[in-house]
Amino acid sequence: MAALHAAREAIADAGWGESDLRDAALVVGTSRGNAAGWLGPWPGRRPFQLMAASNTIHSEPASAISIEFGITGPNHVVASGCAAGLDAVGVAMMMLECGLASRALAVAVDLPLVPMLLDQYTSSGLLSKNSKLDPYHSSTTGFVPAEGAAALAIELGESNHPRLLHYACNSDAGNPVGIPADGGRSSELFTRDLANSLAAICPHATGTVVQAVADPAWMQHVFPDAKPPLILLKPFTGHTIGASGLLESAILAGFLKSRQLPGNVNGLSAPKGFVAPYESFEVTGPVAKVSNGMGGHNALLVMSPASAR
């Protein structure tokens, strides 16, 4: 249901009608599909007999959205762990660029707050032990889990909305529950020209012990001299797993409409040489969002205010 609500809001904001949706592409990012609905059914999680079988497969959110809105174009689900939401946007962009559709809806959803899943995260040593999230503080112990859904309506061409400029991804083939301590191949997502053009960066910044070391390592490599300000959103939202990349991108896009970026929670730590400004600030150049999935999958999305060139 969360994915349907997010999709409906994005469609309404884009002003898409029935004819626009008919041949649109749909890409959904999620780490576990509707697993929460059948591992630990909670009120409001579609406990309907009709959905008993479909709730157990990853493709159900995409099917539900396509049926609800009459979307009959390409329909895919991306399940790349914590990078799934960002990858959903990237796959949607590629579909448009290769001519499979003229518009695309990227959606991400994850509902991990059920005992079985939380127990698994706890046993892996990934959850915060104090429910406080300062991702780059030396005492960080893990991430704060949350649920979320978000959607972006994407079209080719100029508009008065923020623009999606670039997507890239690679993998480390590394730790099954994190990325290498040296940042792995995250730094290779950036060309030198791209790095020099950025007005800000929103890293994965989960608060796990390995991420607290890995993020600064690859960021120092990409930005050895001038360092863009950091936007750390998980202290506000918690870590919504597969939804996090798209959720944070949607938040950034919302601010970029007015050529602004959000300030950070006051007092957050930042890696050496970087700053995490407390107050919102004006931005005219590109902004990068990075997500890292378990097993070492890395994704990058770059967007800019509509008027930036």
# chains A, B, ... in the order shown; residues from 1 in each chain; ligands from 1
$ residues_around --residues "Ala250 (chain A)" --least-positions-apart "2" --cutoff "12 Å" --atoms "only C-alpha atoms" --output "PyMOL selection string"
chain A and resi 6+9-10+85-86+89+106-108+148-154+161-164+233+243-248+252-257+261+289+301+303
$ write_last_selection --atoms "C-alpha atoms" --output "PDB file, in the first residue's frame"
ATOM      1  CA  ALA A   6       3.912   7.073  -3.312  1.00  0.00           C
ATOM      2  CA  GLU A   9       1.525  11.257  -5.477  1.00  0.00           C
ATOM      3  CA  ALA A  10       4.301  11.206  -8.098  1.00  0.00           C
ATOM      4  CA  GLY A  85      15.926   2.431  -4.953  1.00  0.00           C
ATOM      5  CA  LEU A  86      18.758   4.267  -6.688  1.00  0.00           C
ATOM      6  CA  VAL A  89      15.903   5.306 -11.067  1.00  0.00           C
ATOM      7  CA  ALA A 106      10.531   4.783 -10.558  1.00  0.00           C
ATOM      8  CA  VAL A 107       9.233   3.531  -7.197  1.00  0.00           C
ATOM      9  CA  ALA A 108      11.001   2.134  -4.144  1.00  0.00           C
ATOM     10  CA  GLY A 148       9.522   3.994   3.589  1.00  0.00           C
ATOM     11  CA  ALA A 149       8.306   4.375   0.037  1.00  0.00           C
ATOM     12  CA  ALA A 150       9.013   7.010  -2.601  1.00  0.00           C
ATOM     13  CA  ALA A 151       8.486   7.571  -6.311  1.00  0.00           C
ATOM     14  CA  LEU A 152       9.839   9.770  -9.090  1.00  0.00           C
ATOM     15  CA  ALA A 153       8.059  10.520 -12.367  1.00  0.00           C
ATOM     16  CA  ILE A 154      10.725  10.824 -15.080  1.00  0.00           C
ATOM     17  CA  HIS A 161      11.749  20.263 -12.471  1.00  0.00           C
ATOM     18  CA  PRO A 162      15.182  19.063 -11.313  1.00  0.00           C
ATOM     19  CA  ARG A 163      17.022  17.112 -13.994  1.00  0.00           C
ATOM     20  CA  LEU A 164      18.571  13.656 -13.741  1.00  0.00           C
ATOM     21  CA  LEU A 233      19.546  12.296   5.469  1.00  0.00           C
ATOM     22  CA  ALA A 243      13.856   2.376  -0.440  1.00  0.00           C
ATOM     23  CA  SER A 244      16.585   4.634   0.960  1.00  0.00           C
ATOM     24  CA  GLY A 245      18.309   5.703  -2.263  1.00  0.00           C
ATOM     25  CA  LEU A 246      15.132   6.791  -4.002  1.00  0.00           C
ATOM     26  CA  LEU A 247      13.605   8.268  -0.848  1.00  0.00           C
ATOM     27  CA  GLU A 248      16.659  10.438  -0.293  1.00  0.00           C
ATOM     28  CA  LEU A 252      16.792  16.206  -2.592  1.00  0.00           C
ATOM     29  CA  ALA A 253      14.665  16.750  -5.708  1.00  0.00           C
ATOM     30  CA  GLY A 254      12.002  18.442  -3.610  1.00  0.00           C
ATOM     31  CA  PHE A 255      14.538  20.953  -2.322  1.00  0.00           C
ATOM     32  CA  LEU A 256      16.166  21.379  -5.731  1.00  0.00           C
ATOM     33  CA  LYS A 257      12.860  22.653  -7.117  1.00  0.00           C
ATOM     34  CA  LEU A 261      19.431  21.793  -0.232  1.00  0.00           C
ATOM     35  CA  LYS A 289      23.483  10.654  -4.227  1.00  0.00           C
ATOM     36  CA  LEU A 301      22.735   9.273  -9.215  1.00  0.00           C
ATOM     37  CA  MET A 303      20.773  15.523 -10.408  1.00  0.00           C
TER      38      MET A 303
END
$ residues_around --residues "Ile67 (chain A)" --least-positions-apart "6" --cutoff "12 Å" --atoms "only C-alpha atoms" --output "PyMOL selection string"
chain A and resi 4+21-22+26+60-61+73+75
$ select_by_dssp --residues "region 37-198 of chain A" --states "helix (DSSP H, G or I)" --output "PDB file with N, CA and C atoms, in the first residue's frame"
ATOM      1  N   GLY A  37       4.849  -8.559   4.766  1.00  0.00           N
ATOM      2  CA  GLY A  37       3.424  -8.849   4.830  1.00  0.00           C
ATOM      3  C   GLY A  37       3.107 -10.297   5.124  1.00  0.00           C
ATOM      4  N   TRP A  38       4.066 -11.187   4.828  1.00  0.00           N
ATOM      5  CA  TRP A  38       3.776 -12.600   5.122  1.00  0.00           C
ATOM      6  C   TRP A  38       4.695 -13.191   6.184  1.00  0.00           C
ATOM      7  N   LEU A  39       5.827 -12.510   6.493  1.00  0.00           N
ATOM      8  CA  LEU A  39       6.657 -12.954   7.606  1.00  0.00           C
ATOM      9  C   LEU A  39       6.036 -12.568   8.946  1.00  0.00           C
ATOM     10  N   GLN A  49      -7.123 -12.478   1.220  1.00  0.00           N
ATOM     11  CA  GLN A  49      -6.939 -13.810   0.667  1.00  0.00           C
ATOM     12  C   GLN A  49      -6.468 -13.738  -0.784  1.00  0.00           C
ATOM     13  N   LEU A  50      -6.985 -12.760  -1.524  1.00  0.00           N
ATOM     14  CA  LEU A  50      -6.612 -12.610  -2.930  1.00  0.00           C
ATOM     15  C   LEU A  50      -5.114 -12.421  -3.092  1.00  0.00           C
ATOM     16  N   MET A  51      -4.465 -11.764  -2.105  1.00  0.00           N
ATOM     17  CA  MET A  51      -3.053 -11.428  -2.235  1.00  0.00           C
ATOM     18  C   MET A  51      -2.150 -12.462  -1.569  1.00  0.00           C
ATOM     19  N   SER A  54       0.532 -13.737  -4.138  1.00  0.00           N
ATOM     20  CA  SER A  54       1.370 -12.701  -4.743  1.00  0.00           C
ATOM     21  C   SER A  54       2.202 -11.948  -3.721  1.00  0.00           C
ATOM     22  N   ASN A  55       1.764 -11.884  -2.475  1.00  0.00           N
ATOM     23  CA  ASN A  55       2.533 -11.190  -1.447  1.00  0.00           C
ATOM     24  C   ASN A  55       3.871 -11.855  -1.163  1.00  0.00           C
ATOM     25  N   THR A  56       4.064 -13.078  -1.619  1.00  0.00           N
ATOM     26  CA  THR A  56       5.298 -13.801  -1.331  1.00  0.00           C
ATOM     27  C   THR A  56       6.337 -13.643  -2.426  1.00  0.00           C
ATOM     28  N   GLU A  60       5.290  -8.378  -6.726  1.00  0.00           N
ATOM     29  CA  GLU A  60       3.937  -7.966  -6.369  1.00  0.00           C
ATOM     30  C   GLU A  60       3.765  -6.439  -6.307  1.00  0.00           C
ATOM     31  N   PRO A  61       4.711  -5.665  -5.713  1.00  0.00           N
ATOM     32  CA  PRO A  61       4.498  -4.212  -5.705  1.00  0.00           C
ATOM     33  C   PRO A  61       4.387  -3.621  -7.110  1.00  0.00           C
ATOM     34  N   ALA A  62       5.219  -4.092  -8.038  1.00  0.00           N
ATOM     35  CA  ALA A  62       5.150  -3.586  -9.409  1.00  0.00           C
ATOM     36  C   ALA A  62       3.835  -3.981 -10.067  1.00  0.00           C
ATOM     37  N   SER A  63       3.400  -5.208  -9.828  1.00  0.00           N
ATOM     38  CA  SER A  63       2.127  -5.647 -10.395  1.00  0.00           C
ATOM     39  C   SER A  63       0.977  -4.813  -9.857  1.00  0.00           C
ATOM     40  N   ALA A  64       0.985  -4.570  -8.545  1.00  0.00           N
ATOM     41  CA  ALA A  64      -0.093  -3.791  -7.932  1.00  0.00           C
ATOM     42  C   ALA A  64      -0.151  -2.382  -8.503  1.00  0.00           C
ATOM     43  N   ILE A  65       1.019  -1.754  -8.699  1.00  0.00           N
ATOM     44  CA  ILE A  65       1.059  -0.389  -9.234  1.00  0.00           C
ATOM     45  C   ILE A  65       0.587  -0.367 -10.682  1.00  0.00           C
ATOM     46  N   SER A  66       1.047  -1.325 -11.475  1.00  0.00           N
ATOM     47  CA  SER A  66       0.652  -1.342 -12.887  1.00  0.00           C
ATOM     48  C   SER A  66      -0.847  -1.561 -13.039  1.00  0.00           C
ATOM     49  N   ILE A  67      -1.422  -2.431 -12.211  1.00  0.00           N
ATOM     50  CA  ILE A  67      -2.863  -2.688 -12.268  1.00  0.00           C
ATOM     51  C   ILE A  67      -3.649  -1.463 -11.816  1.00  0.00           C
ATOM     52  N   GLU A  68      -3.193  -0.860 -10.735  1.00  0.00           N
ATOM     53  CA  GLU A  68      -3.899   0.300 -10.164  1.00  0.00           C
ATOM     54  C   GLU A  68      -3.971   1.465 -11.147  1.00  0.00           C
ATOM     55  N   PHE A  69      -2.880   1.694 -11.898  1.00  0.00           N
ATOM     56  CA  PHE A  69      -2.801   2.893 -12.729  1.00  0.00           C
ATOM     57  C   PHE A  69      -2.814   2.598 -14.233  1.00  0.00           C
ATOM     58  N   GLY A  81      19.470  -4.888  -2.809  1.00  0.00           N
ATOM     59  CA  GLY A  81      19.686  -4.511  -1.421  1.00  0.00           C
ATOM     60  C   GLY A  81      19.460  -3.032  -1.177  1.00  0.00           C
ATOM     61  N   CYS A  82      20.360  -2.412  -0.434  1.00  0.00           N
ATOM     62  CA  CYS A  82      20.199  -1.003  -0.053  1.00  0.00           C
ATOM     63  C   CYS A  82      20.375  -0.053  -1.228  1.00  0.00           C
ATOM     64  N   ALA A  83      20.848  -0.547  -2.367  1.00  0.00           N
ATOM     65  CA  ALA A  83      21.001   0.286  -3.560  1.00  0.00           C
ATOM     66  C   ALA A  83      19.803   0.168  -4.492  1.00  0.00           C
ATOM     67  N   ALA A  84      18.802  -0.624  -4.130  1.00  0.00           N
ATOM     68  CA  ALA A  84      17.704  -0.922  -5.054  1.00  0.00           C
ATOM     69  C   ALA A  84      16.949   0.319  -5.503  1.00  0.00           C
ATOM     70  N   GLY A  85      16.680   1.239  -4.593  1.00  0.00           N
ATOM     71  CA  GLY A  85      15.926   2.431  -4.953  1.00  0.00           C
ATOM     72  C   GLY A  85      16.664   3.289  -5.962  1.00  0.00           C
ATOM     73  N   LEU A  86      17.969   3.475  -5.755  1.00  0.00           N
ATOM     74  CA  LEU A  86      18.758   4.267  -6.688  1.00  0.00           C
ATOM     75  C   LEU A  86      18.878   3.552  -8.028  1.00  0.00           C
ATOM     76  N   ASP A  87      19.030   2.232  -7.981  1.00  0.00           N
ATOM     77  CA  ASP A  87      19.108   1.457  -9.219  1.00  0.00           C
ATOM     78  C   ASP A  87      17.795   1.520  -9.998  1.00  0.00           C
ATOM     79  N   ALA A  88      16.667   1.591  -9.297  1.00  0.00           N
ATOM     80  CA  ALA A  88      15.379   1.699  -9.984  1.00  0.00           C
ATOM     81  C   ALA A  88      15.339   2.964 -10.839  1.00  0.00           C
ATOM     82  N   VAL A  89      15.846   4.064 -10.300  1.00  0.00           N
ATOM     83  CA  VAL A  89      15.903   5.306 -11.067  1.00  0.00           C
ATOM     84  C   VAL A  89      16.845   5.142 -12.255  1.00  0.00           C
ATOM     85  N   GLY A  90      17.999   4.523 -12.019  1.00  0.00           N
ATOM     86  CA  GLY A  90      18.966   4.339 -13.089  1.00  0.00           C
ATOM     87  C   GLY A  90      18.439   3.484 -14.224  1.00  0.00           C
ATOM     88  N   VAL A  91      17.765   2.380 -13.890  1.00  0.00           N
ATOM     89  CA  VAL A  91      17.189   1.516 -14.921  1.00  0.00           C
ATOM     90  C   VAL A  91      16.105   2.259 -15.687  1.00  0.00           C
ATOM     91  N   ALA A  92      15.287   3.032 -14.974  1.00  0.00           N
ATOM     92  CA  ALA A  92      14.251   3.826 -15.639  1.00  0.00           C
ATOM     93  C   ALA A  92      14.877   4.830 -16.604  1.00  0.00           C
ATOM     94  N   MET A  93      15.952   5.490 -16.199  1.00  0.00           N
ATOM     95  CA  MET A  93      16.646   6.429 -17.077  1.00  0.00           C
ATOM     96  C   MET A  93      17.153   5.732 -18.337  1.00  0.00           C
ATOM     97  N   MET A  94      17.726   4.546 -18.180  1.00  0.00           N
ATOM     98  CA  MET A  94      18.249   3.827 -19.341  1.00  0.00           C
ATOM     99  C   MET A  94      17.127   3.405 -20.285  1.00  0.00           C
ATOM    100  N   MET A  95      15.984   3.032 -19.732  1.00  0.00           N
ATOM    101  CA  MET A  95      14.844   2.682 -20.574  1.00  0.00           C
ATOM    102  C   MET A  95      14.416   3.857 -21.447  1.00  0.00           C
ATOM    103  N   LEU A  96      14.405   5.041 -20.855  1.00  0.00           N
ATOM    104  CA  LEU A  96      14.029   6.223 -21.629  1.00  0.00           C
ATOM    105  C   LEU A  96      15.085   6.547 -22.679  1.00  0.00           C
ATOM    106  N   GLU A  97      16.335   6.452 -22.297  1.00  0.00           N
ATOM    107  CA  GLU A  97      17.412   6.812 -23.214  1.00  0.00           C
ATOM    108  C   GLU A  97      17.491   5.871 -24.415  1.00  0.00           C
ATOM    109  N   PRO A 115       9.606  -8.551  13.441  1.00  0.00           N
ATOM    110  CA  PRO A 115      10.582  -9.162  14.349  1.00  0.00           C
ATOM    111  C   PRO A 115      11.606 -10.056  13.673  1.00  0.00           C
ATOM    112  N   MET A 116      11.184 -10.903  12.730  1.00  0.00           N
ATOM    113  CA  MET A 116      12.129 -11.834  12.115  1.00  0.00           C
ATOM    114  C   MET A 116      13.252 -11.106  11.381  1.00  0.00           C
ATOM    115  N   LEU A 117      12.897 -10.070  10.622  1.00  0.00           N
ATOM    116  CA  LEU A 117      13.917  -9.327   9.888  1.00  0.00           C
ATOM    117  C   LEU A 117      14.819  -8.538  10.832  1.00  0.00           C
ATOM    118  N   LEU A 118      14.225  -7.918  11.858  1.00  0.00           N
ATOM    119  CA  LEU A 118      15.030  -7.155  12.809  1.00  0.00           C
ATOM    120  C   LEU A 118      15.982  -8.071  13.580  1.00  0.00           C
ATOM    121  N   ASP A 119      15.534  -9.272  13.896  1.00  0.00           N
ATOM    122  CA  ASP A 119      16.418 -10.233  14.563  1.00  0.00           C
ATOM    123  C   ASP A 119      17.613 -10.584  13.679  1.00  0.00           C
ATOM    124  N   GLN A 120      17.367 -10.706  12.376  1.00  0.00           N
ATOM    125  CA  GLN A 120      18.461 -11.020  11.454  1.00  0.00           C
ATOM    126  C   GLN A 120      19.477  -9.881  11.396  1.00  0.00           C
ATOM    127  N   TYR A 121      18.983  -8.640  11.343  1.00  0.00           N
ATOM    128  CA  TYR A 121      19.903  -7.509  11.348  1.00  0.00           C
ATOM    129  C   TYR A 121      20.690  -7.448  12.655  1.00  0.00           C
ATOM    130  N   THR A 122      20.009  -7.711  13.767  1.00  0.00           N
ATOM    131  CA  THR A 122      20.681  -7.670  15.066  1.00  0.00           C
ATOM    132  C   THR A 122      21.777  -8.721  15.147  1.00  0.00           C
ATOM    133  N   SER A 123      21.486  -9.938  14.699  1.00  0.00           N
ATOM    134  CA  SER A 123      22.469 -11.017  14.771  1.00  0.00           C
ATOM    135  C   SER A 123      23.676 -10.741  13.875  1.00  0.00           C
ATOM    136  N   SER A 186      33.556   2.380  -5.063  1.00  0.00           N
ATOM    137  CA  SER A 186      32.659   3.540  -5.031  1.00  0.00           C
ATOM    138  C   SER A 186      33.300   4.758  -5.685  1.00  0.00           C
ATOM    139  N   SER A 187      34.586   4.944  -5.447  1.00  0.00           N
ATOM    140  CA  SER A 187      35.258   6.116  -6.015  1.00  0.00           C
ATOM    141  C   SER A 187      35.286   6.069  -7.539  1.00  0.00           C
ATOM    142  N   GLU A 188      35.243   4.865  -8.130  1.00  0.00           N
ATOM    143  CA  GLU A 188      35.315   4.728  -9.579  1.00  0.00           C
ATOM    144  C   GLU A 188      34.015   5.121 -10.275  1.00  0.00           C
ATOM    145  N   LEU A 189      32.953   5.361  -9.504  1.00  0.00           N
ATOM    146  CA  LEU A 189      31.706   5.848 -10.088  1.00  0.00           C
ATOM    147  C   LEU A 189      31.860   7.281 -10.596  1.00  0.00           C
ATOM    148  N   ARG A 192      36.720  12.590 -12.953  1.00  0.00           N
ATOM    149  CA  ARG A 192      37.306  13.783 -12.340  1.00  0.00           C
ATOM    150  C   ARG A 192      36.468  15.012 -12.644  1.00  0.00           C
ATOM    151  N   ASP A 193      35.998  15.136 -13.888  1.00  0.00           N
ATOM    152  CA  ASP A 193      35.174  16.288 -14.242  1.00  0.00           C
ATOM    153  C   ASP A 193      33.885  16.318 -13.421  1.00  0.00           C
ATOM    154  N   LEU A 194      33.270  15.148 -13.240  1.00  0.00           N
ATOM    155  CA  LEU A 194      32.041  15.083 -12.446  1.00  0.00           C
ATOM    156  C   LEU A 194      32.317  15.497 -11.008  1.00  0.00           C
ATOM    157  N   ALA A 195      33.366  14.949 -10.416  1.00  0.00           N
ATOM    158  CA  ALA A 195      33.685  15.269  -9.022  1.00  0.00           C
ATOM    159  C   ALA A 195      33.908  16.765  -8.841  1.00  0.00           C
ATOM    160  N   ASN A 196      34.593  17.383  -9.796  1.00  0.00           N
ATOM    161  CA  ASN A 196      34.898  18.813  -9.677  1.00  0.00           C
ATOM    162  C   ASN A 196      33.671  19.700  -9.848  1.00  0.00           C
ATOM    163  N   SER A 197      32.605  19.153 -10.447  1.00  0.00           N
ATOM    164  CA  SER A 197      31.420  19.969 -10.720  1.00  0.00           C
ATOM    165  C   SER A 197      30.391  19.940  -9.607  1.00  0.00           C
TER     166      SER A 197
END
$ residues_around --residues "Leu300 (chain A)" --least-positions-apart "2" --cutoff "8 Å" --atoms "only C-alpha atoms" --output "list in words"
Leu86, His166, Tyr167, Ala168, Cys169, Leu189, Ala288, Lys289, Val290, Ser291, Asn298 and Val302 of chain A
$ atom_distance --atom1 "CA of Val28 (chain A)" --atom2 "CA of Arg103 (chain A)"
14.5 Å
$ residues_around --residues "region 170-172 of chain A" --least-positions-apart "4" --cutoff "8 Å" --atoms "only C-alpha atoms" --output "list in words"
Ile179, Pro180, Gly184, Arg185, Ser186, Leu189, Gly295, Gly296, His297, Asn298 and Ala299 of chain A
$ closest_residue --among "A:Arg259, A:Lys129, A:His221, A:His239" --to "Ala199 (chain A)" --atoms "only C-alpha atoms"
A:Arg259
$ closest_residue --among "A:Pro235, A:Gly183, A:Gly15, A:Pro262" --to "Asp134 (chain A)" --atoms "only C-alpha atoms"
A:Pro235
$ closest_residue --among "A:Ala12, A:Ile201, A:Ile241, A:Val222" --to "Thr30 (chain A)" --atoms "only C-alpha atoms"
A:Ile241
$ closest_residue --among "A:Ala101, A:Val209, A:Ala7, A:Ala181" --to "Glu155 (chain A)" --atoms "only C-alpha atoms"
A:Ala101
